[in-house]
Amino acid sequence: MTEKYDWSQRHLIDIDKEKVALSTEDLHVFYGNFEAIKGVDLAFEKNKITALIGPSGCGKSTYLRSLNRMNDMIDTCKVTGAINYEGVDINKKDINVYEMRKRIGMVFQKPNPFSKSIYENIAFPLRRHGIKKKAELDELVESSLRQAALWDQVKDELHKSALALSGGQQQRLCIARTIAMKPDIILLDEPASALDPISTSQVEETLLKLKEDYTIAIVTHSMAQASRISDYTAFFYLGDVIEYDETRKIFTTPKIQATEDYVSGHFG
């Protein structure tokens, strides 16, 4: 039973402030009277992949969605505390969340391409943000598809429906659509949970390449995936972070017994 653990124990490493791309301080998330996130302090290092792991319902997806204010869309949700990005607390009321989300993009669990062509999936939101010249759109479509490791597969079919792509291709298209907005940070909420092993591997390979240019935070239910692709791992439980460390340490020499039991499959 989880009652055997001392949840007052914590082991959270500090990231050098000069290397931090995004951080939260005393972040709380409430759904009505229910406190889903309980004062989380966490920092994400630039050009690294950080995995958020933990049992279902522990708050990892809720926390991730807070990082670019996606929880604002839920009427009953209230978020307090600081979300620091480039010296600004982006949790303040006067923040332009639409502009902020261009810098902190998000890819969801289920691939959600628009019911448009492959080309338009990327060009359409760019036009909405003021980019009109075809040459510039063409360049951004190609460069983002290349970064998402999809260009060679679709370059001759750009005007075909995105819905005809495989699940893995659709997810990489969604990653390309996010990249096209030129973000600094990419948030991914279980992006491979609906994919087969081959597609999952392709998405993982894409993310490993992308961290050269982006900071990535990923919620995953797969311990194998977290160990394969992440540099840091945070173990969430009951709305709090119990342990945060380099991934190799989390999976080989964790400091907290609950973490060891969870990553080894003996939790509960």
# chains A, B, ... in the order shown; residues from 1 in each chain; ligands from 1
>>> residues_around(residues="Lys60 (chain A)", least_positions_apart="5", cutoff="12 Å", atoms="only C-alpha atoms", output="number ranges by chain")
A: 29, 36-38, 40, 51-55, 65-67, 187-190, 217-221, 233-242
>>> write_last_selection(atoms="C-alpha atoms", output="PDB file, in the first residue's frame")
ATOM      1  CA  VAL A  29      -3.777  24.100  -9.267  1.00  0.00           C
ATOM      2  CA  ALA A  36      -4.657  18.918  -7.886  1.00  0.00           C
ATOM      3  CA  ILE A  37      -1.152  20.432  -7.712  1.00  0.00           C
ATOM      4  CA  LYS A  38       0.267  21.235  -4.285  1.00  0.00           C
ATOM      5  CA  VAL A  40       5.368  22.453  -7.005  1.00  0.00           C
ATOM      6  CA  ALA A  51      10.098  13.442 -18.245  1.00  0.00           C
ATOM      7  CA  LEU A  52       7.191  13.753 -15.822  1.00  0.00           C
ATOM      8  CA  ILE A  53       6.201  10.332 -14.508  1.00  0.00           C
ATOM      9  CA  GLY A  54       3.820   8.997 -11.883  1.00  0.00           C
ATOM     10  CA  PRO A  55       0.646   6.937 -11.474  1.00  0.00           C
ATOM     11  CA  ARG A  65      -0.865  22.046 -19.062  1.00  0.00           C
ATOM     12  CA  SER A  66      -0.275  24.800 -16.513  1.00  0.00           C
ATOM     13  CA  LEU A  67       3.082  25.630 -18.054  1.00  0.00           C
ATOM     14  CA  LEU A 187       5.371  20.423 -24.009  1.00  0.00           C
ATOM     15  CA  LEU A 188       4.159  16.929 -24.873  1.00  0.00           C
ATOM     16  CA  ASP A 189       1.392  15.084 -23.029  1.00  0.00           C
ATOM     17  CA  GLU A 190       1.898  11.343 -23.604  1.00  0.00           C
ATOM     18  CA  ALA A 217       8.994  18.488 -21.203  1.00  0.00           C
ATOM     19  CA  ILE A 218       7.112  15.238 -21.718  1.00  0.00           C
ATOM     20  CA  VAL A 219       4.498  13.437 -19.652  1.00  0.00           C
ATOM     21  CA  THR A 220       4.832   9.707 -20.180  1.00  0.00           C
ATOM     22  CA  HIS A 221       3.330   6.614 -18.600  1.00  0.00           C
ATOM     23  CA  THR A 233      12.894  12.814 -14.572  1.00  0.00           C
ATOM     24  CA  ALA A 234      10.381  14.121 -12.028  1.00  0.00           C
ATOM     25  CA  PHE A 235       8.274  11.598 -10.095  1.00  0.00           C
ATOM     26  CA  PHE A 236       4.828  12.989  -9.266  1.00  0.00           C
ATOM     27  CA  TYR A 237       2.448  11.599  -6.664  1.00  0.00           C
ATOM     28  CA  LEU A 238      -0.794  13.091  -5.279  1.00  0.00           C
ATOM     29  CA  GLY A 239      -0.130  16.458  -6.873  1.00  0.00           C
ATOM     30  CA  ASP A 240       3.425  16.871  -5.647  1.00  0.00           C
ATOM     31  CA  VAL A 241       6.939  16.131  -6.875  1.00  0.00           C
ATOM     32  CA  ILE A 242       8.548  13.498  -4.677  1.00  0.00           C
TER      33      ILE A 242
END
>>> residues_around(residues="Lys102 (chain A)", least_positions_apart="6", cutoff="8 Å", atoms="only C-alpha atoms", output="list of chain:residue names")
A:Met181, A:Lys182, A:Pro183
>>> residues_around(residues="region 201-209 of chain A", least_positions_apart="3", cutoff="12 Å", atoms="only C-alpha atoms", output="number ranges by chain")
A: 47-51, 107, 111, 144-150, 167-176, 179, 185-188, 190-198, 212-218, 220, 224-231
>>> atom_distance(atom1="CA of Thr76 (chain A)", atom2="CA of Leu42 (chain A)")
24.2 Å
>>> closest_residue(among="A:Ala162, A:Ile118, A:Ala180, A:Ile90", to="Gly105 (chain A)", atoms="only C-alpha atoms")
A:Ala180
